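Here's data35.txt, which has compact mmCIF, C-alpha atoms:
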```
# COMPACT_ATOMS: atom_id res chain seq x y z
CA MET A 9 -139.94 -75.18 -131.29
CA ALA A 10 -139.14 -72.71 -134.09
CA ARG A 11 -139.15 -73.80 -137.71
CA HIS A 12 -136.29 -73.08 -140.08
CA ARG A 13 -137.95 -69.96 -141.45
CA ILE A 14 -137.87 -68.47 -137.95
CA MET A 15 -134.27 -69.52 -137.58
CA GLY A 16 -133.40 -67.45 -140.62
CA ALA A 17 -135.23 -64.51 -139.10
CA ASN A 18 -133.27 -64.88 -135.88
CA GLY A 19 -130.06 -64.66 -137.87
CA ARG A 20 -131.20 -61.44 -139.51
CA VAL A 21 -132.15 -59.92 -136.15
CA VAL A 22 -128.73 -60.69 -134.77
CA VAL A 23 -127.04 -59.22 -137.82
CA ALA A 24 -129.08 -56.05 -137.39
CA ALA A 25 -128.13 -55.84 -133.73
CA LEU A 26 -124.47 -56.29 -134.52
CA GLY A 27 -124.47 -53.48 -137.07
CA VAL A 28 -122.18 -53.12 -140.03
CA ALA A 29 -119.03 -53.07 -137.94
CA GLY A 30 -119.98 -56.28 -136.15
CA VAL A 31 -120.80 -58.12 -139.36
CA THR A 32 -117.56 -56.91 -140.94
CA ALA A 33 -115.61 -58.22 -137.95
CA LEU A 34 -117.29 -61.61 -138.16
CA ALA A 35 -116.61 -61.78 -141.90
CA ALA A 36 -112.97 -60.93 -141.30
CA VAL A 37 -112.67 -63.68 -138.70
CA TRP A 38 -114.21 -66.25 -141.02
CA THR A 39 -112.02 -65.15 -143.95
CA ALA A 40 -108.95 -65.61 -141.77
CA GLN A 41 -110.16 -69.06 -140.70
CA ALA A 42 -110.87 -70.13 -144.28
CA GLY A 43 -107.55 -68.79 -145.46
CA THR A 44 -105.66 -71.15 -143.16
CA VAL A 45 -107.29 -74.10 -144.91
CA ALA A 46 -107.48 -73.22 -148.58
CA GLY A 47 -106.89 -69.50 -148.98
CA PRO A 48 -104.45 -68.32 -151.62
CA GLY A 49 -100.93 -68.00 -150.31
CA ALA A 50 -101.77 -69.67 -147.00
CA SER A 51 -98.81 -71.24 -145.26
CA PRO A 52 -99.24 -74.92 -144.38
CA THR A 53 -97.74 -74.22 -140.98
CA SER A 54 -99.80 -71.12 -140.19
CA LYS A 55 -102.08 -71.30 -137.18
CA PRO A 56 -105.82 -70.53 -137.36
CA THR A 57 -106.83 -67.04 -136.32
CA PRO A 58 -108.50 -67.19 -132.87
CA ILE A 59 -112.27 -66.69 -132.86
CA VAL A 60 -113.34 -63.67 -130.86
CA GLY A 61 -115.16 -64.63 -127.67
CA GLN A 62 -114.06 -68.25 -127.81
CA THR A 63 -113.33 -69.63 -124.35
CA SER A 64 -113.05 -73.34 -125.11
CA LYS A 65 -110.01 -74.49 -127.08
CA PRO A 66 -110.96 -76.10 -130.42
CA ASP A 67 -109.90 -79.66 -131.19
CA PRO A 68 -107.17 -79.49 -133.88
CA GLU A 69 -108.02 -83.00 -135.09
CA LEU A 70 -111.58 -82.19 -136.11
CA PRO A 71 -112.67 -82.37 -139.77
CA ALA A 72 -111.59 -79.46 -141.96
CA PRO A 73 -113.70 -76.33 -141.58
CA VAL A 74 -116.95 -76.34 -143.54
CA VAL A 75 -116.89 -73.57 -146.13
CA ASN A 76 -120.68 -73.14 -146.23
CA MET A 77 -121.95 -71.51 -143.02
CA ASP A 78 -125.59 -71.54 -144.17
CA MET A 79 -127.91 -74.05 -142.54
CA ALA A 80 -128.10 -77.36 -144.38
CA HIS A 81 -131.55 -78.24 -145.68
CA ALA A 82 -130.73 -80.32 -148.77
CA SER A 83 -130.08 -84.07 -148.82
CA ASP A 84 -127.07 -85.85 -150.25
CA LYS A 85 -129.58 -88.15 -151.97
CA GLY A 86 -130.84 -85.37 -154.19
CA ALA A 87 -134.34 -84.13 -154.92
CA LYS A 88 -136.05 -87.28 -153.62
CA GLY A 89 -133.84 -87.60 -150.57
CA VAL A 90 -135.05 -87.42 -146.96
CA ASN A 91 -132.90 -86.62 -143.93
CA ILE A 92 -134.27 -88.12 -140.74
CA THR A 93 -132.89 -86.23 -137.73
CA ILE A 94 -133.31 -87.24 -134.09
CA ASP A 95 -132.80 -84.70 -131.30
CA ASP A 96 -132.00 -84.36 -127.60
CA GLY A 97 -130.69 -87.83 -126.75
CA PRO A 98 -129.30 -90.27 -126.32
CA ASP A 99 -131.86 -91.71 -123.93
CA PRO A 100 -131.61 -95.23 -122.47
CA THR A 101 -135.32 -95.92 -122.98
CA TRP A 102 -136.09 -94.39 -126.37
CA THR A 103 -132.85 -94.31 -128.35
CA PRO A 104 -132.60 -98.13 -128.58
CA GLN A 105 -136.20 -98.28 -129.81
CA VAL A 106 -135.60 -95.60 -132.42
CA LEU A 107 -132.46 -97.44 -133.56
CA GLN A 108 -134.45 -100.65 -133.89
CA VAL A 109 -137.08 -99.02 -136.12
CA LEU A 110 -134.43 -97.36 -138.27
CA LYS A 111 -132.55 -100.63 -138.70
CA ALA A 112 -135.73 -102.53 -139.58
CA ASN A 113 -136.37 -100.05 -142.38
CA GLY A 114 -132.76 -99.77 -143.56
CA VAL A 115 -132.67 -96.06 -142.74
CA LYS A 116 -129.65 -94.01 -141.68
CA ALA A 117 -130.32 -90.89 -139.62
CA THR A 118 -128.53 -87.97 -138.00
CA PHE A 119 -128.62 -87.90 -134.19
CA CYS A 120 -128.35 -84.41 -132.67
CA MET A 121 -127.05 -85.09 -129.18
CA VAL A 122 -126.93 -82.99 -126.04
CA GLY A 123 -123.42 -83.11 -124.56
CA PRO A 124 -124.22 -84.33 -121.02
CA GLN A 125 -126.61 -86.96 -122.40
CA ALA A 126 -123.85 -88.32 -124.60
CA GLN A 127 -121.42 -88.23 -121.69
CA ALA A 128 -123.88 -90.14 -119.49
CA HIS A 129 -124.63 -92.82 -122.11
CA PRO A 130 -121.50 -93.48 -124.18
CA ASP A 131 -122.67 -97.00 -124.98
CA LEU A 132 -125.68 -95.56 -126.80
CA VAL A 133 -123.52 -93.08 -128.71
CA LYS A 134 -121.35 -95.97 -129.86
CA ASP A 135 -124.47 -97.93 -130.86
CA VAL A 136 -125.61 -95.00 -133.01
CA VAL A 137 -122.23 -94.86 -134.73
CA ALA A 138 -122.01 -98.63 -135.15
CA ASP A 139 -125.33 -98.61 -137.00
CA GLY A 140 -123.96 -96.14 -139.54
CA HIS A 141 -125.74 -93.00 -138.38
CA ARG A 142 -124.13 -89.56 -138.15
CA LEU A 143 -123.61 -87.37 -135.10
CA CYS A 144 -124.66 -83.78 -134.59
CA ASP A 145 -123.76 -81.35 -131.79
CA HIS A 146 -126.91 -80.06 -130.06
CA SER A 147 -125.16 -77.99 -127.36
CA ILE A 148 -124.56 -78.55 -123.66
CA SER A 149 -127.69 -77.28 -121.94
CA HIS A 150 -130.25 -77.14 -124.77
CA ASP A 151 -130.75 -73.46 -124.01
CA THR A 152 -133.25 -72.20 -126.58
CA THR A 153 -132.35 -68.61 -125.67
CA MET A 154 -128.64 -68.99 -126.37
CA GLY A 155 -129.01 -66.94 -129.54
CA GLY A 156 -129.25 -63.89 -127.30
CA LYS A 157 -126.29 -64.83 -125.13
CA SER A 158 -122.66 -63.73 -125.41
CA PRO A 159 -120.22 -65.21 -127.95
CA ALA A 160 -118.27 -66.74 -125.07
CA TYR A 161 -121.40 -68.55 -123.85
CA GLN A 162 -122.25 -69.79 -127.33
CA SER A 163 -118.70 -70.97 -127.86
CA LYS A 164 -118.66 -72.97 -124.64
CA GLU A 165 -122.06 -74.55 -125.38
CA ILE A 166 -120.96 -75.69 -128.82
CA LEU A 167 -117.34 -76.70 -128.28
CA ASP A 168 -117.77 -78.45 -124.94
CA ALA A 169 -120.67 -80.50 -126.30
CA GLN A 170 -118.60 -81.33 -129.35
CA ARG A 171 -115.87 -82.80 -127.17
CA MET A 172 -118.29 -84.72 -124.95
CA ILE A 173 -119.94 -86.33 -127.97
CA THR A 174 -116.60 -87.15 -129.59
CA LYS A 175 -115.26 -88.73 -126.43
CA ALA A 176 -118.45 -90.72 -125.83
CA SER A 177 -118.40 -92.03 -129.40
CA GLY A 178 -114.86 -93.32 -129.08
CA GLY A 179 -113.44 -90.64 -131.37
CA VAL A 180 -116.13 -90.16 -134.02
CA LYS A 181 -116.78 -86.45 -134.37
CA PRO A 182 -120.07 -84.68 -135.02
CA LEU A 183 -120.41 -83.41 -138.57
CA TYR A 184 -123.26 -80.96 -137.89
CA TYR A 185 -124.40 -78.41 -135.32
CA ARG A 186 -128.07 -77.78 -134.57
CA ALA A 187 -128.93 -74.87 -132.30
CA PRO A 188 -131.55 -75.63 -129.62
CA GLY A 189 -134.91 -74.37 -130.79
CA GLY A 190 -133.27 -72.96 -133.90
CA ALA A 191 -131.47 -70.26 -131.90
CA PHE A 192 -128.73 -69.78 -134.49
CA THR A 193 -126.64 -66.65 -134.78
CA PRO A 194 -124.03 -65.65 -137.36
CA TYR A 195 -121.43 -66.30 -134.66
CA SER A 196 -122.67 -69.79 -133.73
CA ARG A 197 -122.85 -70.81 -137.39
CA GLN A 198 -119.33 -69.52 -137.95
CA ILE A 199 -117.77 -71.27 -134.98
CA ALA A 200 -119.52 -74.55 -135.84
CA ALA A 201 -118.34 -74.38 -139.44
CA SER A 202 -114.80 -73.55 -138.36
CA GLN A 203 -114.76 -76.81 -136.41
CA GLY A 204 -116.04 -78.98 -139.26
CA MET A 205 -119.74 -78.92 -138.36
CA ARG A 206 -122.29 -77.75 -140.94
CA PRO A 207 -125.13 -75.78 -139.32
CA LEU A 208 -128.22 -77.97 -139.55
CA GLY A 209 -131.80 -76.72 -139.74
CA TRP A 210 -134.99 -78.59 -140.54
CA ASN A 211 -137.85 -78.35 -142.99
CA VAL A 212 -140.48 -80.60 -141.42
CA ASP A 213 -141.17 -80.49 -137.69
CA SER A 214 -143.12 -83.58 -136.63
CA GLU A 215 -143.96 -81.70 -133.40
CA ASP A 216 -143.54 -84.94 -131.51
CA PHE A 217 -142.37 -82.92 -128.50
CA LYS A 218 -146.03 -81.91 -128.08
CA GLN A 219 -147.13 -85.57 -128.13
CA PRO A 220 -150.03 -84.78 -130.48
CA GLY A 221 -150.75 -88.42 -131.26
CA VAL A 222 -149.23 -90.79 -133.79
CA ALA A 223 -151.72 -89.99 -136.55
CA ALA A 224 -151.10 -86.25 -136.24
CA MET A 225 -147.33 -86.71 -136.45
CA VAL A 226 -147.54 -89.01 -139.46
CA ASN A 227 -149.92 -86.64 -141.25
CA THR A 228 -147.61 -83.69 -140.57
CA VAL A 229 -144.74 -85.46 -142.29
CA LYS A 230 -146.92 -86.57 -145.20
CA ASN A 231 -148.34 -83.09 -145.71
CA GLU A 232 -145.09 -81.15 -145.32
CA ILE A 233 -142.39 -83.35 -146.85
CA SER A 234 -142.71 -81.39 -150.08
CA SER A 235 -141.35 -78.31 -148.28
CA GLY A 236 -137.91 -79.88 -147.84
CA PRO A 237 -136.05 -83.07 -146.95
CA THR A 238 -134.96 -82.64 -143.32
CA VAL A 239 -137.44 -84.07 -140.82
CA LEU A 240 -137.23 -83.45 -137.08
CA PHE A 241 -138.03 -86.10 -134.45
CA HIS A 242 -136.88 -86.59 -130.84
CA ASP A 243 -135.57 -89.55 -128.84
CA ALA A 244 -135.42 -87.78 -125.46
CA GLY A 245 -137.07 -85.05 -123.42
CA GLY A 246 -140.15 -87.04 -122.48
CA ASP A 247 -142.23 -90.05 -123.46
CA ARG A 248 -141.27 -90.83 -127.05
CA SER A 249 -143.49 -93.87 -127.61
CA GLN A 250 -145.51 -91.85 -130.15
CA THR A 251 -142.33 -90.97 -131.99
CA VAL A 252 -141.29 -94.61 -132.24
CA GLU A 253 -144.66 -95.60 -133.66
CA ALA A 254 -144.79 -92.62 -136.01
CA LEU A 255 -141.40 -93.57 -137.43
CA ARG A 256 -142.57 -97.16 -137.80
CA GLN A 257 -145.43 -95.92 -139.98
CA VAL A 258 -143.93 -93.02 -141.90
CA LEU A 259 -140.65 -94.59 -143.03
CA PRO A 260 -142.32 -97.27 -145.18
CA TRP A 261 -144.73 -94.65 -146.54
CA LEU A 262 -141.84 -92.49 -147.70
CA LYS A 263 -140.13 -95.48 -149.33
CA GLN A 264 -143.32 -96.42 -151.18
CA ARG A 265 -143.42 -92.95 -152.70
CA GLY A 266 -139.90 -93.18 -154.07
CA TYR A 267 -137.99 -91.32 -151.39
CA SER A 268 -134.55 -92.48 -150.32
CA PHE A 269 -132.88 -91.73 -147.01
CA GLY A 270 -129.63 -89.85 -146.74
CA PHE A 271 -127.75 -87.24 -144.76
CA PRO A 272 -127.83 -83.45 -144.83
CA VAL A 273 -125.39 -81.99 -147.34
CA ARG A 274 -122.06 -80.73 -146.01
```
Here is a file; write its structure as structure tokens.
Amino acid sequence: MARHRIMGANGRVVVAALGVAGVTALAAVWTAQAGTVAGPGASPTSKPTPIVGQTSKPDPELPAPVVNMDMAHASDKGAKGVNITIDDGPDPTWTPQVLQVLKANGVKATFCMVGPQAQAHPDLVKDVVADGHRLCDHSISHDTTMGGKSPAYQSKEILDAQRMITKASGGVKPLYYRAPGGAFTPYSRQIAASQGMRPLGWNVDSEDFKQPGVAAMVNTVKNEISSGPTVLFHDAGGDRSQTVEALRQVLPWLKQRGYSFGFPVR
């Protein structure tokens, strides 16, 4: 899975492929979107400008568009804040165990959910919300190549997952969007932000998806937490028993060193 530095590179490659005209068009679309919310002279009854390539109708009751389209890496707890993020669920076996460890340590996290998983397990989505955690849109199919797909495809992946997660939660909307494998594009960041979801990267990849062993995962977090606050774990996509144990060990360690747990900035 790509780290956030690679995600930034992907964005630059896409911009280069689009060319000046393409970037100008995207900027014009975003300016029109932003103008309907807070732009000077905007009419309170004006309708948002449609996003080119969008095939799924946006939900008009979502949070206001996020002005910052850059990927969030900072924590709302400041310089000593840590953002625990959990990807690919919910999963009936592992999500409850992850929730238990988080609760035992008084930690709130951000759960990046795959749309069909949320749709299949609405009770778990509601449990996540009830425990005070935040929701993040992690697409429909977890297609790590979606950065090279059409705007229409990206739009459907993001907006359909958004609605599945919102419905499963009982109406609580995701506040972030994380592209599978870091496959962000200028377009996907723009459409997420226009729907109230801050693009969310990561700074520390525990690499738990490789199942390297608990000690290796804990050491990765300890060694790399100085590079940034947002830490990536998973609660689905395989056996996550190592993840559960790694969280059980690393959360108290972080607390002992003066870190506090928060959410990615919006």
Exercise. Go ahead and compute the interatomic distance for CA of Asn76 (chain A) and CA of Lys116 (chain A), in Å to one decimal.
Key: 23.2 Å
Quiz prompt | Best match for closeness to Thr174 (chain A) among A:Pro237, A:Pro73, A:Pro124, A:Gly246, counting all atoms listed in the file | solution =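 Comparing A:Pro237, A:Pro73, A:Pro124, A:Gly246 against Thr174 (chain A), the winner is A:Pro124.
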Self-check item: Residue contacts of Thr228 (chain A) (8 Å, all atoms listed in the file) excluding same-chain residues fewer than 6 positions away, as a list in words
Solution: Val212, Asp213 and Ser214 of chain A
Exercise. Calculate how many Å separate CA of Thr101 (chain A) from CA of Leu132 (chain A), rounding to one decimal.
Key: 10.4 Å
Exercise. Rank nothing, just name the residue among A:Pro260, A:Gly123, A:Gly178, A:Gly266 nearest to Asp96 (chain A), using all atoms listed in the file.
Key: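 Nearest to Asp96 (chain A): A:Gly123.
Among the candidate residues A:Arg186, A:His146, A:Lys181, A:Arg265, the one lying nearest to Ala169 (chain A) is A:His146, with distances computed using all atoms listed in the file.
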Quiz prompt | Nearest to Lys88 (chain A) by atom-to-atom distance, counting only C-alpha atoms, from A:Val252, A:Leu167, A:Val273, A:Ile233 | solution =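 With only C-alpha atoms as the atom set, the closest residue is A:Ile233.
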Exercise. Would you mind listing what lies within 8 Å of Arg274 (chain A) as a list in words, with all atoms listed in the file counted and same-chain residues fewer than 5 positions away left out?
Key: Val74, Asn76, Ala80 and Arg206 of chain A
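In this model, the gap between CA of Ser149 (chain A) and CA of Asp216 (chain A) comes to 20.0 Å.
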Exercise. Quick one: residues within 12 Å of (-116.1, -86.3, -129.3) (file frame), counting all atoms listed in the file, please, as number ranges by chain.
Key: A: 66-67, 69-71, 121-124, 126-127, 130, 133-134, 137, 143-145, 166-183, 203
Quiz item: Taking all atoms listed in the file into account, which of A:Ser268, A:Ser147, A:Asn113, A:Gln108 comes nearest Gln125 (chain A)?
Solution: A:Ser147
